[in-house]
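Take a look at the structure below.
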Amino acid sequence: MSDAAPETIYLSDYTAFPWTAKSVDLHFTLDPHATRVRSCIRFEPNPASPNGPESEMFLHGEKLKLIHAKIDGAPVTPTLTNEGLTIAVPSGSFTWEAEVEIDPANNTALEGLYMSGGMYCTQCEAEGFRKITYYPDRPDVMSVFSVTIDGPHPVLLSNGNPVVTSDNHAQWHDPWPKPAYLFALVAGDLIAHSGQFTTRSGRDVTLNLYVRPGDEGKCAFGMQALKDSMKWDEDVYGREYDLDLFNIVAVDDFNMGAMENKGLNIFNSSAVLASQETSTDLNFERIEAIIAHEYFHNWTGNRITCRDWFQLCLKEGLTVFRDSQFTADMRSEPVKRIGDVIDLRGRQFAEDQGPLAHPVRPESFQEINNFYTATIYEKGAEVIRMLKTLVGDQAYREALDLYFERHDGDAATIEDWLQVFEDTTGRDLSQFKRWYSQAGTPRVAVNEAWADGTLTLTFTQTLAPSATTADPQPQVIPLAVGLIGKDGREVASTQVLEMTQASQSFAFEGLTEAPVASILRGFSAPVVLDHPLSDAQRAHLLAHDTDPFNRWEAGRNLAQASLLDMIRTGVKPNAAYLAGLKTVVTDATLDPAYRALMMGLPSHSDLATALHDAGDIPDPEAIHTAVETMRTAQATDLAEHLEELYAAHQVSEAYQPDAAQSGARALANAALSLLSRNDGGALAQQQYASADNMTQQLSALGAAIRAGVGAPMLEQFQQQWRDDRLVMDKWFALQVVQAKPEDAAATAKALTEHADFNWKNPNRFRAVFGSLAMHHAGFHHGSGDGYRLLADWLIKLDPVNPQTTARMCSAFQTWKRYDPARQSLILEQVNQILTKPDLSRDTTEMLTRIAE
Ligand code: 0A1
Ligand code: ZN
């Protein structure tokens, strides 16, 4: 290991930086292997610093070759380490100048300034700016940046507004003070797809989407999504854009989805490029959401940023919440909510259940890159959703107005955030704050008592102690509850019960008969609900619940209970579930997208989580068998309706990736998937041959592979799309996703030997190994081949790209829930990686936490 005891950083140790950076001038002379960066920074003593002026200054800097440094024009010789430099400084204000040399072409970690497909680009969040020049690389140091770029490229971009632009030379000025993590630079032979937006106060904003030549035809959708986002933020949050220019650049090599750099968002090309032929409906929806997310960061993240990285959820939880509201408004609210909850349970609940569990606001970390997690993003958004539920829509909007007014230009904290809600509503949020400090998913058990026309619901909350939360205390849990009568009519509409104690009762009086309680409507809190209902009661909710989320949830609970029984005892699928499903799926009054969701089943991993929760050891093979049996039962049970469902939801209009068409295709393809179990893949072959969009082509291909007739189509697909990087990612991923459990590792291995397997490209690496890790029965196959293959490749990737390696390590996070044989197979691989010399801090931290 590179670092026997990597340093742990604590929230409680926060102190302000002793100086403020009044202005930052940067000058880049681009060269693939020897880019020169000259910096000139005006520092002034920070009156907010507790220690007063200091005589030495530390600046972060990594992998930099220092050419020279000056203070107030006089050469100085700093003390250099691998982390930065220390230098004696004058007591008042002074000007720091430095020139460094960096090697973007060899920067495979994709952090700092690097090259992708011949273009230069940057990624500075969280701590990448220190790989560009020496700087106080922390989010509470905000400054006004001016940037000059010299380089042999027609497009030279940085943040803010252009001052001078010509071929080979550009100057930029960003009037808004920002932390270094929001700095960006792009240079290359790029093509702009341009647009225009006029803000509500009349500011004309030029919009550009810069792409590599050849990708021009994939920009229109992203551009429209940007305009829609700008309008929505004005309408819903009263937030206007604040520069004359908004640029987005698509980059092929990128560790994450996208980055909100001020006025110059940088996107993984998979998160912005879209066309009917190459993108699925789900891709379009994701792209729209990510464009919105990055755009919304302009206010929640950029204008108001985080004081330190422990406050990451301040910008991420809020921005995820905002983008989920946007998608709900643009598309279907219940469909979006159900999708988000599926995702939350699949990723965040699993994180909470294992050794990587951490609070929404962690109190310590070693490598901040390891904390861009489902807990900080998705649970962080759930916490804000609860806050809004508790205070109401009106007070939420007032609190947000106050937040923007009070903290514009600040590097803020969760305390600041909660304070605006307290000041707006007069509420005491000290107990609510536990959602930010306690790790783990609370469980809420429900007990029902019926007597004399009164239904009494008693809720008991429990939170398992964990490494970061040794002594959990009760949280504030908003429980949205409604009651459904025997005749299927709602006898009490949704009320939000505010649970604050460990155990608490609520009575519903004046009822004429015992109703069925619909609890946690809209998934009003990120908890696991233990509500013992009979199959008949669940079927009743599935048929009648007026809350679309809980109606879906009733079906999901029936399916899950049945699957768990099948796994444990080998019984047949539950007839009540199949009957209820048939009624809902064939109900033409329901949104097709919603019906398609109804046909879904809990994932293998969700079932493993549920088994573990119940004290069982999940057997991946048994889970796989049960799910296959259930799918076949669905196909048999719905057989007489499938063709009609399929036919009735064919889209004859010109392709649009909107909610209506996507929903119709989702339902038709869900039907196709089941039909292929009955017809040997004939209809899938037909659909594949006539598809004019990627949704239809890929669904047909998947169904055909499952039916055993996909090989020629896979070959044709490769021929057709060999030059399209993003579609070829799908080709790689699909083969792993559709492999039989016993073949998954071998399929992945064979794909790594394919000429187009460019393992240094994170999208391609994830296409194969992300898919393998998600293939529950394949990855956890008893042979251990899945574990070994992933570990071998993580060892190979770590020196090249630590960030992506560390993220992929989370595939091992659930090891403790499996049987002893699998546990030791996994641990063996984890330890094998951990013993590699020079293992990155990122990967070391992840695996050490996992193995603890
Ligand atoms: N802030 C971005 C995501 C992001 C985070 C970290 C990165 O590198 C470590 C890159 C991007 C967002 O939320 O969209
Ligand atoms: Zn974000």
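Numbering starts fresh at 1 for the residues of each chain in the structure tokens, the chains themselves are lettered A, B, ... in the order given, and ligands are numbered from 1 as they appear.
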
Can you tell me which residues surround region 586-600 of chain A at a distance of at most 7 Å, considering only C-alpha atoms, apart from same-chain residues fewer than 3 positions away, and format the answer as a PyMOL selection string? chain A and resi 335+552+555+582-583+663-664+666-667+670

Using only C-alpha atoms and all ligand atoms, which residues of chain A come within 7 Å of ligand 1, and what is the closest atom pair for each, with the distance in Å to one decimal? Give it as JSON lines, sorted by chain and residue number.
{"residue": "A:Gln123", "atom": "CA", "partner": "ligand 1", "partner_atom_place_in_ligand_line": "8 (O)", "distance": 6.4}
{"residue": "A:Cys124", "atom": "CA", "partner": "ligand 1", "partner_atom_place_in_ligand_line": "8 (O)", "distance": 6.9}
{"residue": "A:Glu125", "atom": "CA", "partner": "ligand 1", "partner_atom_place_in_ligand_line": "8 (O)", "distance": 4.9}
{"residue": "A:Ala126", "atom": "CA", "partner": "ligand 1", "partner_atom_place_in_ligand_line": "9 (C)", "distance": 5.3}
{"residue": "A:Asn255", "atom": "CA", "partner": "ligand 1", "partner_atom_place_in_ligand_line": "10 (C)", "distance": 6.5}
{"residue": "A:Met256", "atom": "CA", "partner": "ligand 1", "partner_atom_place_in_ligand_line": "11 (C)", "distance": 5.1}
{"residue": "A:Gly257", "atom": "CA", "partner": "ligand 1", "partner_atom_place_in_ligand_line": "14 (O)", "distance": 6.4}
{"residue": "A:Ala258", "atom": "CA", "partner": "ligand 1", "partner_atom_place_in_ligand_line": "14 (O)", "distance": 5.0}
{"residue": "A:Met259", "atom": "CA", "partner": "ligand 1", "partner_atom_place_in_ligand_line": "2 (C)", "distance": 4.4}
{"residue": "A:Glu260", "atom": "CA", "partner": "ligand 1", "partner_atom_place_in_ligand_line": "1 (N)", "distance": 6.0}
{"residue": "A:His293", "atom": "CA", "partner": "ligand 1", "partner_atom_place_in_ligand_line": "14 (O)", "distance": 6.6}
{"residue": "A:Glu294", "atom": "CA", "partner": "ligand 1", "partner_atom_place_in_ligand_line": "14 (O)", "distance": 5.6}
{"residue": "A:Glu316", "atom": "CA", "partner": "ligand 1", "partner_atom_place_in_ligand_line": "13 (O)", "distance": 5.8}
{"residue": "A:Asn369", "atom": "CA", "partner": "ligand 1", "partner_atom_place_in_ligand_line": "9 (C)", "distance": 5.2}
{"residue": "A:Tyr372", "atom": "CA", "partner": "ligand 1", "partner_atom_place_in_ligand_line": "5 (C)", "distance": 6.3}

Residues at most 12 Å from ligand 2, using only C-alpha atoms and all ligand atoms? Could they come as number ranges by chain? A: 125-126, 182, 256-261, 265, 267, 289-302, 305, 312-323, 372-374, 376-378, 380-381

For N, CA and C atoms, I'd like the residues from the last selection saved as a short mmCIF file (atom, residue, chain, number, x, y, z; two decimals), in the first residue's frame.
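Result file out.cif:
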data_model
loop_
_atom_site.label_atom_id
_atom_site.label_comp_id
_atom_site.auth_asym_id
_atom_site.auth_seq_id
_atom_site.Cartn_x
_atom_site.Cartn_y
_atom_site.Cartn_z
N GLU A 125 -13.63 18.85 -9.37
CA GLU A 125 -14.27 18.37 -8.16
C GLU A 125 -13.79 16.94 -7.90
N ALA A 126 -13.44 16.56 -6.68
CA ALA A 126 -13.46 17.45 -5.54
C ALA A 126 -12.10 18.15 -5.39
N LEU A 182 -14.83 24.38 -9.16
CA LEU A 182 -15.73 24.74 -10.26
C LEU A 182 -14.98 25.31 -11.46
N MET A 256 -17.46 10.36 -14.05
CA MET A 256 -18.82 10.42 -13.50
C MET A 256 -19.79 10.75 -14.63
N GLY A 257 -21.00 11.23 -14.26
CA GLY A 257 -21.98 11.59 -15.28
C GLY A 257 -21.69 12.94 -15.90
N ALA A 258 -21.51 13.95 -15.05
CA ALA A 258 -21.28 15.30 -15.57
C ALA A 258 -20.83 16.20 -14.42
N MET A 259 -20.43 17.42 -14.79
CA MET A 259 -19.87 18.33 -13.79
C MET A 259 -20.33 19.76 -14.04
N GLU A 260 -20.72 20.41 -12.94
CA GLU A 260 -21.42 21.69 -13.01
C GLU A 260 -20.51 22.92 -13.04
N ASN A 261 -19.29 22.83 -13.55
CA ASN A 261 -18.38 23.98 -13.58
C ASN A 261 -19.12 25.24 -14.04
N ASN A 265 -20.27 23.54 -18.20
CA ASN A 265 -20.53 22.17 -17.73
C ASN A 265 -19.79 21.17 -18.61
N PHE A 267 -19.65 17.18 -19.62
CA PHE A 267 -20.50 15.99 -19.55
C PHE A 267 -19.80 14.77 -20.10
N ALA A 289 -32.52 14.56 -17.24
CA ALA A 289 -32.37 14.76 -15.79
C ALA A 289 -30.96 15.26 -15.44
N ILE A 290 -29.96 14.75 -16.12
CA ILE A 290 -28.59 15.17 -15.78
C ILE A 290 -28.34 16.60 -16.25
N ILE A 291 -28.85 16.95 -17.41
CA ILE A 291 -28.70 18.34 -17.86
C ILE A 291 -29.37 19.27 -16.85
N ALA A 292 -30.56 18.88 -16.42
CA ALA A 292 -31.25 19.70 -15.41
C ALA A 292 -30.42 19.76 -14.13
N HIS A 293 -29.94 18.62 -13.70
CA HIS A 293 -29.16 18.56 -12.45
C HIS A 293 -27.98 19.53 -12.50
N GLU A 294 -27.21 19.44 -13.57
CA GLU A 294 -26.01 20.30 -13.65
C GLU A 294 -26.42 21.76 -13.75
N TYR A 295 -27.46 22.03 -14.53
CA TYR A 295 -27.91 23.42 -14.65
C TYR A 295 -28.38 23.94 -13.29
N PHE A 296 -29.16 23.14 -12.57
CA PHE A 296 -29.68 23.59 -11.27
C PHE A 296 -28.56 23.87 -10.27
N HIS A 297 -27.43 23.18 -10.44
CA HIS A 297 -26.30 23.46 -9.56
C HIS A 297 -25.85 24.92 -9.65
N ASN A 298 -26.21 25.60 -10.74
CA ASN A 298 -25.74 26.98 -10.85
C ASN A 298 -26.15 27.79 -9.61
N TRP A 299 -27.33 27.48 -9.08
CA TRP A 299 -27.72 28.14 -7.82
C TRP A 299 -27.41 27.27 -6.62
N THR A 300 -27.75 26.01 -6.69
CA THR A 300 -27.53 25.14 -5.52
C THR A 300 -26.22 24.38 -5.72
N GLY A 301 -25.15 25.05 -5.39
CA GLY A 301 -23.82 24.47 -5.57
C GLY A 301 -22.81 25.55 -5.95
N ASN A 302 -23.21 26.40 -6.92
CA ASN A 302 -22.25 27.39 -7.41
C ASN A 302 -22.45 28.75 -6.73
N THR A 305 -22.22 27.56 -2.33
CA THR A 305 -21.45 26.32 -2.37
C THR A 305 -21.32 25.73 -0.97
N LEU A 312 -21.23 18.06 1.52
CA LEU A 312 -21.51 17.76 0.11
C LEU A 312 -23.02 17.62 -0.18
N CYS A 313 -23.74 17.02 0.78
CA CYS A 313 -25.18 16.83 0.55
C CYS A 313 -25.92 18.16 0.45
N LEU A 314 -25.32 19.23 0.96
CA LEU A 314 -25.97 20.55 0.87
C LEU A 314 -26.25 20.88 -0.58
N LYS A 315 -25.28 20.60 -1.45
CA LYS A 315 -25.52 20.88 -2.87
C LYS A 315 -26.08 19.66 -3.60
N GLU A 316 -25.62 18.46 -3.23
CA GLU A 316 -26.05 17.29 -4.01
C GLU A 316 -27.45 16.81 -3.65
N GLY A 317 -27.75 16.71 -2.36
CA GLY A 317 -29.09 16.27 -1.98
C GLY A 317 -30.13 17.24 -2.53
N LEU A 318 -29.87 18.53 -2.37
CA LEU A 318 -30.82 19.54 -2.83
C LEU A 318 -30.95 19.51 -4.35
N THR A 319 -29.84 19.35 -5.05
CA THR A 319 -29.92 19.38 -6.52
C THR A 319 -30.56 18.11 -7.06
N VAL A 320 -30.32 16.98 -6.43
CA VAL A 320 -31.04 15.76 -6.85
C VAL A 320 -32.54 15.94 -6.60
N PHE A 321 -32.86 16.52 -5.45
CA PHE A 321 -34.29 16.73 -5.17
C PHE A 321 -34.90 17.63 -6.24
N ARG A 322 -34.18 18.70 -6.58
CA ARG A 322 -34.70 19.63 -7.60
C ARG A 322 -34.83 18.94 -8.96
N ASP A 323 -33.83 18.11 -9.31
CA ASP A 323 -33.98 17.48 -10.64
C ASP A 323 -35.10 16.44 -10.63
N TYR A 372 -19.04 10.31 -2.98
CA TYR A 372 -20.08 10.68 -3.95
C TYR A 372 -21.01 9.48 -4.06
N THR A 373 -21.79 9.28 -3.01
CA THR A 373 -22.50 8.02 -2.82
C THR A 373 -24.01 8.19 -2.94
N ALA A 374 -24.68 7.05 -3.00
CA ALA A 374 -26.14 7.06 -3.01
C ALA A 374 -26.68 7.67 -1.72
N ILE A 376 -25.30 10.19 0.06
CA ILE A 376 -25.21 11.65 0.02
C ILE A 376 -26.14 12.22 -1.06
N TYR A 377 -26.21 11.58 -2.19
CA TYR A 377 -27.07 12.09 -3.27
C TYR A 377 -28.54 11.74 -3.03
N GLU A 378 -28.82 10.45 -3.05
CA GLU A 378 -30.24 10.05 -3.06
C GLU A 378 -30.90 10.14 -1.69
N GLY A 380 -29.80 12.04 0.60
CA GLY A 380 -29.77 13.49 0.82
C GLY A 380 -31.00 14.16 0.22
N ALA A 381 -31.43 13.70 -0.94
CA ALA A 381 -32.63 14.25 -1.58
C ALA A 381 -33.89 13.84 -0.82
#

Give me the residues near Pro334 (chain A) as a PyMOL selection string, where near means some atom within 7 Å (using only C-alpha atoms) and where sequence neighbours in that chain fewer than 2 positions away do not count. chain A and resi 332+336-338+548-549

For Lys379 (chain A), find every residue with an atom within 8 Å (counting only C-alpha atoms), except residues of its own chain fewer than 6 positions away, and show them as an MDAnalysis selection string. chainID A and resid 317 344 348 360 526

Need the shell around Lys178 (chain A): protein/DNA/RNA residues with any atom at most 10 Å away, counting only C-alpha atoms. Skip same-chain ones fewer than 2 positions apart. Format as a ChimeraX atom specification? /A:139-145,174-176,180-183,261-262,301-305,409-411

Could you jot down the CA of Arg307 (chain A) to CA of Leu110 (chain A) separation for me, Å, one decimal place? 24.7 Å

List the spatial neighbours of Gly522 (chain A) as a VMD selection string - criterion: any atom at most 12 Å away, only C-alpha atoms, same-chain residues fewer than 5 positions off excluded. chain A and resid 333 to 341 382 385 to 386 389 478 to 482 494 to 496 545 to 553

Distance query region 498-514 of chain A at most 8 Å, only C-alpha atoms, self and fewer than 4 positions along chain excluded, as a PDB file with N, CA and C atoms, in the first residue's frame:
ATOM      1  N   LEU A 390     -42.974  17.999   5.683  1.00  0.00           N
ATOM      2  CA  LEU A 390     -43.268  18.435   7.051  1.00  0.00           C
ATOM      3  C   LEU A 390     -43.683  19.903   7.113  1.00  0.00           C
ATOM      4  N   TRP A 450     -58.193  -2.474  16.139  1.00  0.00           N
ATOM      5  CA  TRP A 450     -59.521  -2.003  15.687  1.00  0.00           C
ATOM      6  C   TRP A 450     -60.539  -2.236  16.803  1.00  0.00           C
ATOM      7  N   GLY A 453     -65.180   1.323  16.055  1.00  0.00           N
ATOM      8  CA  GLY A 453     -65.094   2.345  15.005  1.00  0.00           C
ATOM      9  C   GLY A 453     -63.800   3.141  15.008  1.00  0.00           C
ATOM     10  N   THR A 454     -62.823   2.698  15.771  1.00  0.00           N
ATOM     11  CA  THR A 454     -61.539   3.416  15.804  1.00  0.00           C
ATOM     12  C   THR A 454     -60.403   2.485  15.379  1.00  0.00           C
ATOM     13  N   LEU A 455     -59.631   2.960  14.445  1.00  0.00           N
ATOM     14  CA  LEU A 455     -58.427   2.213  14.057  1.00  0.00           C
ATOM     15  C   LEU A 455     -57.238   2.908  14.701  1.00  0.00           C
ATOM     16  N   THR A 456     -56.490   2.174  15.496  1.00  0.00           N
ATOM     17  CA  THR A 456     -55.303   2.752  16.127  1.00  0.00           C
ATOM     18  C   THR A 456     -54.061   2.138  15.494  1.00  0.00           C
ATOM     19  N   LEU A 457     -53.242   3.009  14.954  1.00  0.00           N
ATOM     20  CA  LEU A 457     -51.993   2.555  14.352  1.00  0.00           C
ATOM     21  C   LEU A 457     -50.864   2.885  15.316  1.00  0.00           C
ATOM     22  N   THR A 458     -50.126   1.860  15.689  1.00  0.00           N
ATOM     23  CA  THR A 458     -48.971   2.092  16.557  1.00  0.00           C
ATOM     24  C   THR A 458     -47.710   1.810  15.757  1.00  0.00           C
ATOM     25  N   PHE A 459     -46.871   2.818  15.706  1.00  0.00           N
ATOM     26  CA  PHE A 459     -45.626   2.694  14.932  1.00  0.00           C
ATOM     27  C   PHE A 459     -44.450   2.597  15.889  1.00  0.00           C
ATOM     28  N   THR A 460     -43.530   1.736  15.549  1.00  0.00           N
ATOM     29  CA  THR A 460     -42.309   1.627  16.347  1.00  0.00           C
ATOM     30  C   THR A 460     -41.118   1.756  15.409  1.00  0.00           C
ATOM     31  N   GLN A 461     -40.248   2.722  15.699  1.00  0.00           N
ATOM     32  CA  GLN A 461     -39.075   2.883  14.823  1.00  0.00           C
ATOM     33  C   GLN A 461     -37.831   2.308  15.478  1.00  0.00           C
ATOM     34  N   THR A 462     -37.021   1.663  14.674  1.00  0.00           N
ATOM     35  CA  THR A 462     -35.735   1.155  15.179  1.00  0.00           C
ATOM     36  C   THR A 462     -34.664   1.461  14.139  1.00  0.00           C
ATOM     37  N   PRO A 474     -34.260   8.222  18.168  1.00  0.00           N
ATOM     38  CA  PRO A 474     -35.431   8.312  17.278  1.00  0.00           C
ATOM     39  C   PRO A 474     -35.355   9.529  16.341  1.00  0.00           C
ATOM     40  N   GLN A 475     -35.834   9.329  15.130  1.00  0.00           N
ATOM     41  CA  GLN A 475     -35.827  10.406  14.129  1.00  0.00           C
ATOM     42  C   GLN A 475     -37.257  10.913  13.909  1.00  0.00           C
ATOM     43  N   VAL A 476     -37.355  12.051  13.253  1.00  0.00           N
ATOM     44  CA  VAL A 476     -38.679  12.570  12.879  1.00  0.00           C
ATOM     45  C   VAL A 476     -39.054  11.886  11.564  1.00  0.00           C
ATOM     46  N   ILE A 477     -40.160  11.154  11.577  1.00  0.00           N
ATOM     47  CA  ILE A 477     -40.536  10.413  10.368  1.00  0.00           C
ATOM     48  C   ILE A 477     -41.935  10.834   9.920  1.00  0.00           C
ATOM     49  N   PRO A 478     -42.011  11.492   8.768  1.00  0.00           N
ATOM     50  CA  PRO A 478     -43.352  11.820   8.263  1.00  0.00           C
ATOM     51  C   PRO A 478     -43.974  10.583   7.617  1.00  0.00           C
ATOM     52  N   LEU A 479     -45.119  10.163   8.158  1.00  0.00           N
ATOM     53  CA  LEU A 479     -45.789   8.971   7.630  1.00  0.00           C
ATOM     54  C   LEU A 479     -47.089   9.415   6.973  1.00  0.00           C
ATOM     55  N   GLY A 485     -61.560   1.684   2.260  1.00  0.00           N
ATOM     56  CA  GLY A 485     -62.665   0.887   2.791  1.00  0.00           C
ATOM     57  C   GLY A 485     -62.822  -0.447   2.057  1.00  0.00           C
ATOM     58  N   LYS A 486     -63.719  -1.275   2.583  1.00  0.00           N
ATOM     59  CA  LYS A 486     -63.938  -2.606   2.024  1.00  0.00           C
ATOM     60  C   LYS A 486     -64.429  -2.553   0.582  1.00  0.00           C
TER      61      LYS A 486
END

Picked from region 325-422 of chain A by DSSP as alpha helix (DSSP H), as a ChimeraX atom specification: /A:325-330,333-343,350-353,374,380-391,393-407,414-422

Pick from A:Tyr436, A:Gln276, A:Gln685, A:Asp452 nearest to Ala654 (chain A), counting only C-alpha atoms: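 Counting only C-alpha atoms, the residue closest to Ala654 (chain A) is A:Gln276.
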
Residue among A:Ser201, A:Val236, A:Val249, A:Asn268 lying closest to Met223 (chain A), counting only C-alpha atoms: A:Val249

As a PDB file with C-alpha atoms, in the first residue's frame, please: every residue in region 166-278 of chain A that a backbone DSSP assignment puts in strand (DSSP E or B).
ATOM      1  CA  SER A 166      -9.514  33.811 -31.570  1.00  0.00           C
ATOM      2  CA  HIS A 169      -5.718  32.323 -28.047  1.00  0.00           C
ATOM      3  CA  ALA A 170      -8.551  33.108 -25.692  1.00  0.00           C
ATOM      4  CA  GLN A 171      -9.166  35.091 -22.533  1.00  0.00           C
ATOM      5  CA  TRP A 172     -12.031  34.477 -20.141  1.00  0.00           C
ATOM      6  CA  HIS A 173     -13.333  36.276 -17.105  1.00  0.00           C
ATOM      7  CA  ASP A 174     -15.774  34.823 -14.589  1.00  0.00           C
ATOM      8  CA  PRO A 175     -17.295  37.620 -12.514  1.00  0.00           C
ATOM      9  CA  TRP A 176     -18.774  35.234  -9.947  1.00  0.00           C
ATOM     10  CA  PRO A 177     -16.427  34.243  -7.115  1.00  0.00           C
ATOM     11  CA  LYS A 178     -16.078  30.479  -7.076  1.00  0.00           C
ATOM     12  CA  PRO A 179     -14.135  27.722  -5.407  1.00  0.00           C
ATOM     13  CA  LEU A 185     -10.922  24.511 -19.229  1.00  0.00           C
ATOM     14  CA  VAL A 186     -11.608  22.845 -22.562  1.00  0.00           C
ATOM     15  CA  ALA A 187      -9.579  23.035 -25.772  1.00  0.00           C
ATOM     16  CA  GLY A 188     -10.058  21.132 -28.976  1.00  0.00           C
ATOM     17  CA  ILE A 191     -18.214  21.815 -33.122  1.00  0.00           C
ATOM     18  CA  ALA A 192     -20.866  23.928 -31.429  1.00  0.00           C
ATOM     19  CA  HIS A 193     -24.561  23.218 -31.579  1.00  0.00           C
ATOM     20  CA  SER A 194     -25.936  26.595 -30.533  1.00  0.00           C
ATOM     21  CA  GLY A 195     -29.143  27.890 -29.077  1.00  0.00           C
ATOM     22  CA  GLN A 196     -30.476  30.871 -27.257  1.00  0.00           C
ATOM     23  CA  PHE A 197     -32.502  31.553 -24.118  1.00  0.00           C
ATOM     24  CA  THR A 198     -33.944  34.814 -22.869  1.00  0.00           C
ATOM     25  CA  ASP A 204     -30.109  36.962 -23.718  1.00  0.00           C
ATOM     26  CA  VAL A 205     -28.036  33.899 -23.049  1.00  0.00           C
ATOM     27  CA  THR A 206     -26.106  32.103 -25.773  1.00  0.00           C
ATOM     28  CA  LEU A 207     -26.169  28.351 -25.302  1.00  0.00           C
ATOM     29  CA  ASN A 208     -23.599  26.013 -26.860  1.00  0.00           C
ATOM     30  CA  LEU A 209     -23.244  22.289 -26.810  1.00  0.00           C
ATOM     31  CA  TYR A 210     -19.705  21.445 -27.965  1.00  0.00           C
ATOM     32  CA  VAL A 211     -19.112  18.005 -29.417  1.00  0.00           C
ATOM     33  CA  LEU A 245     -23.112  32.345 -22.034  1.00  0.00           C
ATOM     34  CA  PHE A 246     -23.749  28.765 -21.005  1.00  0.00           C
ATOM     35  CA  ASN A 247     -21.502  26.098 -22.494  1.00  0.00           C
ATOM     36  CA  ILE A 248     -21.733  22.336 -22.283  1.00  0.00           C
ATOM     37  CA  VAL A 249     -18.965  20.080 -23.597  1.00  0.00           C
ATOM     38  CA  ALA A 250     -19.301  16.343 -24.280  1.00  0.00           C
ATOM     39  CA  VAL A 251     -16.258  14.266 -23.330  1.00  0.00           C
ATOM     40  CA  ALA A 258     -21.277  15.299 -15.565  1.00  0.00           C
ATOM     41  CA  MET A 259     -19.868  18.327 -13.786  1.00  0.00           C
ATOM     42  CA  LEU A 264     -18.909  25.480 -18.606  1.00  0.00           C
ATOM     43  CA  ASN A 265     -20.527  22.174 -17.725  1.00  0.00           C
ATOM     44  CA  ILE A 266     -18.545  19.119 -18.771  1.00  0.00           C
ATOM     45  CA  PHE A 267     -20.503  15.994 -19.546  1.00  0.00           C
ATOM     46  CA  ASN A 268     -19.695  12.371 -20.022  1.00  0.00           C
TER      47      ASN A 268
END

Residue with smallest distance to His544 (chain A) - pool A:Gln697, A:Asn557, A:Gln686, A:Ser518, counting only C-alpha atoms: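 The shortest atom-to-atom distance to His544 (chain A) comes from A:Ser518.
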
Restricting the calculation to only C-alpha atoms, which member of A:His27, A:Lys70, A:Arg706, A:His641 is positioned closest to Arg42 (chain A)? A:Lys70
